[in-house]
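Structure file coords.tsv with TSV, C-alpha atoms:
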chain	number	residue	atom	x	y	z
A	1	MET	CA	-0.96	-91.30	-35.06
A	2	ARG	CA	-0.94	-92.50	-31.46
A	3	LYS	CA	-1.63	-90.13	-28.58
A	4	PHE	CA	0.45	-90.46	-25.44
A	5	ALA	CA	-1.16	-89.28	-22.23
A	6	ILE	CA	0.65	-87.93	-19.19
A	7	ASN	CA	0.09	-91.30	-17.50
A	8	PRO	CA	0.30	-93.57	-20.54
A	9	GLN	CA	-1.37	-96.93	-20.58
A	10	PRO	CA	0.33	-99.86	-22.29
A	11	CYS	CA	0.03	-99.25	-26.01
A	12	GLN	CA	-0.47	-102.21	-28.34
A	13	PHE	CA	1.62	-101.89	-31.48
A	14	SER	CA	1.06	-103.77	-34.71
A	15	ALA	CA	3.80	-106.13	-35.91
A	16	GLN	CA	4.86	-103.50	-38.44
A	17	GLU	CA	5.05	-100.79	-35.76
A	18	GLN	CA	7.07	-103.10	-33.48
A	19	ALA	CA	9.51	-103.69	-36.35
A	20	VAL	CA	9.88	-99.92	-36.87
A	21	VAL	CA	10.48	-99.34	-33.14
A	22	TYR	CA	13.10	-102.12	-33.11
A	23	GLU	CA	14.90	-100.65	-36.13
A	24	ALA	CA	14.80	-97.14	-34.62
A	25	ARG	CA	16.36	-98.46	-31.40
A	26	GLN	CA	19.11	-100.20	-33.39
A	27	ILE	CA	19.88	-96.98	-35.27
A	28	LEU	CA	19.99	-94.96	-32.03
A	29	LEU	CA	22.20	-97.56	-30.33
A	30	ARG	CA	24.66	-97.45	-33.25
A	31	HIS	CA	24.71	-93.66	-32.93
A	32	LEU	CA	25.22	-93.80	-29.15
A	33	ASN	CA	28.03	-96.34	-29.51
A	34	GLN	CA	29.94	-93.87	-31.71
A	35	ASN	CA	29.43	-90.83	-29.46
A	36	PRO	CA	30.03	-90.01	-25.80
A	37	VAL	CA	27.04	-91.47	-23.99
A	38	LEU	CA	27.51	-90.64	-20.35
A	39	SER	CA	28.77	-87.06	-20.50
A	40	THR	CA	25.82	-85.64	-18.50
A	41	TRP	CA	23.33	-87.02	-16.02
A	42	GLN	CA	20.51	-86.51	-18.53
A	43	SER	CA	22.44	-88.54	-21.11
A	44	VAL	CA	22.74	-91.37	-18.56
A	45	LEU	CA	18.97	-91.33	-18.01
A	46	ASP	CA	18.28	-91.13	-21.75
A	47	TYR	CA	20.65	-94.03	-22.42
A	48	CYS	CA	19.00	-96.14	-19.71
A	49	ALA	CA	15.50	-95.35	-20.96
A	50	LEU	CA	16.45	-96.31	-24.50
A	51	THR	CA	18.31	-99.52	-23.73
A	52	ILE	CA	16.49	-100.97	-20.72
A	53	ARG	CA	12.77	-100.22	-21.15
A	54	GLY	CA	10.83	-103.31	-22.25
A	55	ASP	CA	8.17	-105.96	-21.68
A	56	VAL	CA	10.27	-108.17	-19.37
A	57	GLU	CA	12.36	-107.13	-16.40
A	58	ARG	CA	16.05	-106.75	-17.18
A	59	PHE	CA	18.90	-105.90	-14.86
A	60	HIS	CA	21.91	-104.05	-16.29
A	61	VAL	CA	25.11	-102.77	-14.79
A	62	LEU	CA	27.03	-99.85	-16.24
A	63	TYR	CA	30.67	-100.44	-15.30
A	64	LEU	CA	32.79	-97.28	-15.16
A	65	ASP	CA	36.49	-96.53	-14.99
A	66	GLY	CA	38.21	-94.12	-12.58
A	67	LYS	CA	37.12	-91.13	-14.68
A	68	ASN	CA	33.52	-92.37	-14.85
A	69	ARG	CA	33.82	-93.40	-18.50
A	70	LEU	CA	31.73	-96.35	-19.57
A	71	ILE	CA	33.73	-99.57	-19.75
A	72	SER	CA	30.77	-101.84	-20.41
A	73	ASP	CA	26.98	-102.03	-20.22
A	74	GLU	CA	26.11	-105.60	-19.29
A	75	CYS	CA	22.75	-107.27	-18.90
A	76	LEU	CA	23.25	-109.60	-15.94
A	77	ALA	CA	19.68	-110.88	-15.61
A	78	ILE	CA	16.51	-111.21	-17.65
A	79	GLY	CA	13.40	-112.13	-15.76
A	80	SER	CA	9.66	-112.18	-16.05
A	81	VAL	CA	7.21	-109.31	-16.06
A	82	ASP	CA	7.94	-108.54	-12.40
A	83	HIS	CA	11.22	-110.13	-11.32
A	84	ALA	CA	14.81	-110.59	-12.49
A	85	PRO	CA	17.16	-112.55	-10.22
A	86	VAL	CA	20.18	-110.49	-9.12
A	87	TYR	CA	23.20	-111.73	-7.19
A	88	PRO	CA	25.53	-109.08	-5.73
A	89	ARG	CA	28.55	-111.39	-6.08
A	90	GLU	CA	27.94	-111.62	-9.86
A	91	VAL	CA	27.67	-107.84	-10.12
A	92	LEU	CA	30.99	-107.38	-8.33
A	93	ARG	CA	32.73	-110.37	-9.92
A	94	ARG	CA	32.21	-108.85	-13.35
A	95	GLY	CA	33.21	-105.40	-12.12
A	96	LEU	CA	36.48	-106.71	-10.75
A	97	ALA	CA	37.17	-108.61	-13.99
A	98	LEU	CA	36.67	-105.34	-15.92
A	99	ASN	CA	38.78	-103.39	-13.39
A	100	ALA	CA	35.83	-101.04	-12.85
A	101	SER	CA	36.12	-98.30	-10.25
A	102	ALA	CA	32.42	-97.52	-10.11
A	103	LEU	CA	29.07	-98.77	-11.31
A	104	ILE	CA	25.49	-97.77	-11.90
A	105	ILE	CA	22.86	-100.47	-11.57
A	106	VAL	CA	19.78	-100.16	-13.74
A	107	HIS	CA	16.64	-102.21	-14.16
A	108	ASN	CA	13.23	-101.70	-15.65
A	109	HIS	CA	9.70	-102.18	-14.37
A	110	PRO	CA	7.61	-103.49	-17.27
A	111	SER	CA	4.48	-102.43	-15.37
A	112	GLY	CA	5.47	-98.85	-16.15
A	113	ASP	CA	5.68	-97.70	-12.52
A	114	PRO	CA	9.35	-96.98	-11.69
A	115	GLU	CA	8.85	-96.61	-7.94
A	116	PRO	CA	11.19	-99.02	-6.11
A	117	SER	CA	9.82	-102.05	-4.30
A	118	ALA	CA	11.05	-103.20	-0.90
A	119	ALA	CA	12.99	-105.94	-2.73
A	120	ASP	CA	14.62	-103.31	-4.99
A	121	LEU	CA	15.75	-101.31	-1.95
A	122	ALA	CA	17.04	-104.40	-0.13
A	123	MET	CA	18.99	-105.59	-3.18
A	124	THR	CA	20.49	-102.12	-3.62
A	125	LYS	CA	21.69	-102.14	0.01
A	126	GLN	CA	23.30	-105.58	-0.51
A	127	ILE	CA	25.13	-104.41	-3.62
A	128	GLN	CA	26.16	-101.17	-1.91
A	129	LYS	CA	27.60	-103.13	1.03
A	130	ALA	CA	29.55	-105.41	-1.33
A	131	CYS	CA	30.83	-102.41	-3.30
A	132	THR	CA	32.03	-100.71	-0.14
A	133	ALA	CA	33.86	-103.84	1.00
A	134	LEU	CA	35.69	-104.08	-2.34
A	135	GLY	CA	36.42	-100.38	-2.86
A	136	VAL	CA	34.03	-99.92	-5.77
A	137	THR	CA	31.73	-96.88	-5.87
A	138	LEU	CA	28.01	-97.42	-6.40
A	139	HIS	CA	26.90	-94.19	-8.05
A	140	ASP	CA	23.21	-94.98	-8.39
A	141	HIS	CA	20.42	-97.45	-8.99
A	142	ILE	CA	18.09	-96.26	-11.73
A	143	ILE	CA	14.69	-97.81	-12.30
A	144	VAL	CA	13.20	-97.29	-15.75
A	145	GLY	CA	9.41	-97.10	-16.00
A	146	GLY	CA	6.98	-96.45	-18.81
A	147	SER	CA	7.41	-92.70	-19.02
A	148	ARG	CA	10.07	-91.75	-16.47
A	149	GLU	CA	13.10	-92.96	-14.59
A	150	VAL	CA	13.69	-92.97	-10.82
A	151	SER	CA	17.13	-92.47	-9.27
A	152	LEU	CA	17.51	-94.07	-5.86
A	153	ARG	CA	20.37	-91.67	-5.10
A	154	ALA	CA	18.12	-88.68	-5.85
A	155	ARG	CA	15.47	-90.17	-3.56
A	156	GLY	CA	18.03	-90.49	-0.75
A	157	ASP	CA	17.96	-94.30	-0.74
A	158	ILE	CA	21.70	-94.57	-1.46
How would this structure read if it were set down as C-alpha cells?
Amino acid sequence: MRKFAINPQPCQFSAQEQAVVYEARQILLRHLNQNPVLSTWQSVLDYCALTIRGDVERFHVLYLDGKNRLISDECLAIGSVDHAPVYPREVLRRGLALNASALIIVHNHPSGDPEPSAADLAMTKQIQKACTALGVTLHDHIIVGGSREVSLRARGDI
C-alpha cells in the first residue's frame, strides 16, 4: 500500500499499477459521461482533476451552452513536461463552431505545483480579451496540480 503525504512527491508505479490506474480512469469517465458532470463547482474541479492530471502538459477547454451545460470537453494542445502551445484564436474558433456561450479553460502542471506562471496569466488575459470581443463568457481558468487545483477566478486573476 502506498502512502500519500500532504505534499506528495512523484510516485513511481509499476506497469501493472499503471494499467490499473488507466482502467480505473476509463471506468470513472464512462460513469461521468452518463451522469451530470458539472452540476456543482466541486464536480467541475473533480472532473478536471480526473481528466487532465498527467505526466505531460495538456490544455483543455470545456465549452458550455447558455445554461452552463457541457457541450464538449476538448483537448486543444498537448505539450511537454512544462509547456503546451495555446492559441486564443483556436480556442474561440472551436467555441464559435460549437455555438458555445461560455467556456472554462483547464490545463495541468505535471510538476505537481498548480500555481500559475506569468505565461499562464498572460495567456488567460489574451483569451479573456478575445472572449469579450466575441461575446463569449470566460468562467475560469483552472490549473490542475499533483494534489490540488487552482482557480484563477478564485485568486482574482480573472
Could you list, as a compact mmCIF listing (two decimals) with C-alpha atoms, keeping the file's coordinate frame, every residue within 12 Å of Gly156 of chain A, counting all atoms listed in the file and ignoring same-chain residues fewer than 4 positions away?
# COMPACT_ATOMS: atom_id res chain seq x y z
CA LEU A 121 15.75 -101.31 -1.95
CA ASP A 140 23.21 -94.98 -8.39
CA HIS A 141 20.42 -97.45 -8.99
CA VAL A 150 13.69 -92.97 -10.82
CA SER A 151 17.13 -92.47 -9.27
CA LEU A 152 17.51 -94.07 -5.86
Could you build a table of the residues in segment 120-143 of chain A lying no more than 12 Å from segment 47-60 of chain A, giving for each the nearest pair of atoms and their separation in Å rounded to one decimal place, using only C-alpha atoms, ordered by chain and ascending residue number, as a Markdown table?
| residue | atom | partner | partner_atom | distance |
| --- | --- | --- | --- | --- |
| A:Asp120 | CA | A:Phe59 | CA | 11.1 |
| A:Met123 | CA | A:Phe59 | CA | 11.7 |
| A:Thr124 | CA | A:Phe59 | CA | 12.0 |
| A:His141 | CA | A:His60 | CA | 10.0 |
| A:Ile142 | CA | A:Cys48 | CA | 8.0 |
| A:Ile143 | CA | A:Cys48 | CA | 8.7 |
Record the distance separating atom CA of Glu149 of chain A and atom CA of Leu45 of chain A, expressed in Å with one decimal.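 It comes out at 7.0 Å.
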Interatomic distance (Å, one decimal) between atom CA of Val44 of chain A and atom CA of Arg93 of chain A: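 Interatomic distance, atom CA of Val44 of chain A to atom CA of Arg93 of chain A: 23.1 Å.
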Would you mind listing what lies within 10 Å of Ser39 of chain A as a JSON list (two decimals) with C-alpha atoms, in the coordinates of the input, with only C-alpha atoms counted and same-chain residues fewer than 5 positions away left out?
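The resulting file, selection-v4.json, is reproduced below:
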[["chain", "number", "residue", "atom", "x", "y", "z"],
["A", 44, "VAL", "CA", 22.74, -91.37, -18.56],
["A", 68, "ASN", "CA", 33.52, -92.37, -14.85],
["A", 69, "ARG", "CA", 33.82, -93.40, -18.50],
["A", 70, "LEU", "CA", 31.73, -96.35, -19.57]]
Quick one: residues within 8 Å of Gly145 of chain A, all atoms listed in the file counted, chain neighbours fewer than 3 positions away excluded, as a short mmCIF file (atom, residue, chain, number, x, y, z; two decimals) with C-alpha atoms, in the coordinates of the input?
data_model
loop_
_atom_site.label_atom_id
_atom_site.label_comp_id
_atom_site.auth_asym_id
_atom_site.auth_seq_id
_atom_site.Cartn_x
_atom_site.Cartn_y
_atom_site.Cartn_z
CA ARG A 53 12.77 -100.22 -21.15
CA ASN A 108 13.23 -101.70 -15.65
CA HIS A 109 9.70 -102.18 -14.37
CA PRO A 110 7.61 -103.49 -17.27
CA SER A 111 4.48 -102.43 -15.37
CA GLY A 112 5.47 -98.85 -16.15
CA ASP A 113 5.68 -97.70 -12.52
CA PRO A 114 9.35 -96.98 -11.69
CA ARG A 148 10.07 -91.75 -16.47
CA GLU A 149 13.10 -92.96 -14.59
CA VAL A 150 13.69 -92.97 -10.82
#
Rank A:Ala119, A:Leu76, A:Ala154, A:Leu64 by their smallest atom-to-atom distance to Val91 of chain A, using all atoms listed in the file, and report the top residue only.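 Using all atoms listed in the file, the shortest distance to Val91 of chain A belongs to A:Leu76.
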Neighbours of Ala122 of chain A within 12 Å (only C-alpha atoms; same-chain residues fewer than 5 positions away dropped), as a compact mmCIF listing (two decimals) with C-alpha atoms, in the frame of the given file?
# COMPACT_ATOMS: atom_id res chain seq x y z
CA VAL A 86 20.18 -110.49 -9.12
CA TYR A 87 23.20 -111.73 -7.19
CA PRO A 88 25.53 -109.08 -5.73
CA PRO A 116 11.19 -99.02 -6.11
CA SER A 117 9.82 -102.05 -4.30
CA ILE A 127 25.13 -104.41 -3.62
CA GLN A 128 26.16 -101.17 -1.91
CA LYS A 129 27.60 -103.13 1.03
CA HIS A 141 20.42 -97.45 -8.99
CA LEU A 152 17.51 -94.07 -5.86
CA ASP A 157 17.96 -94.30 -0.74
CA ILE A 158 21.70 -94.57 -1.46
Kindly give the distance, in Å, that separates atom CA of Leu92 of chain A and atom CA of Ser147 of chain A, rounded to a single decimal.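 Computed distance, atom CA of Leu92 of chain A to atom CA of Ser147 of chain A, equals 29.8 Å.
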For a cutoff of 10 Å around the file-coordinate point (29.3, -95.8, -14.5), which residues qualify once you count all atoms listed in the file? I'd like the result as a ChimeraX atom specification. /A:38,44,61-73,100-105,137-140
Report, as JSON, the axis-aligned box around all atoms of segment 135-150 of chain A present in the file, extended by 4 Å on each side; give centre and edge lengths in Å to one decimal place.
{"center_x": 21.7, "center_y": -96.1, "center_z": -10.9, "size_x": 37.4, "size_y": 16.6, "size_z": 24.2}
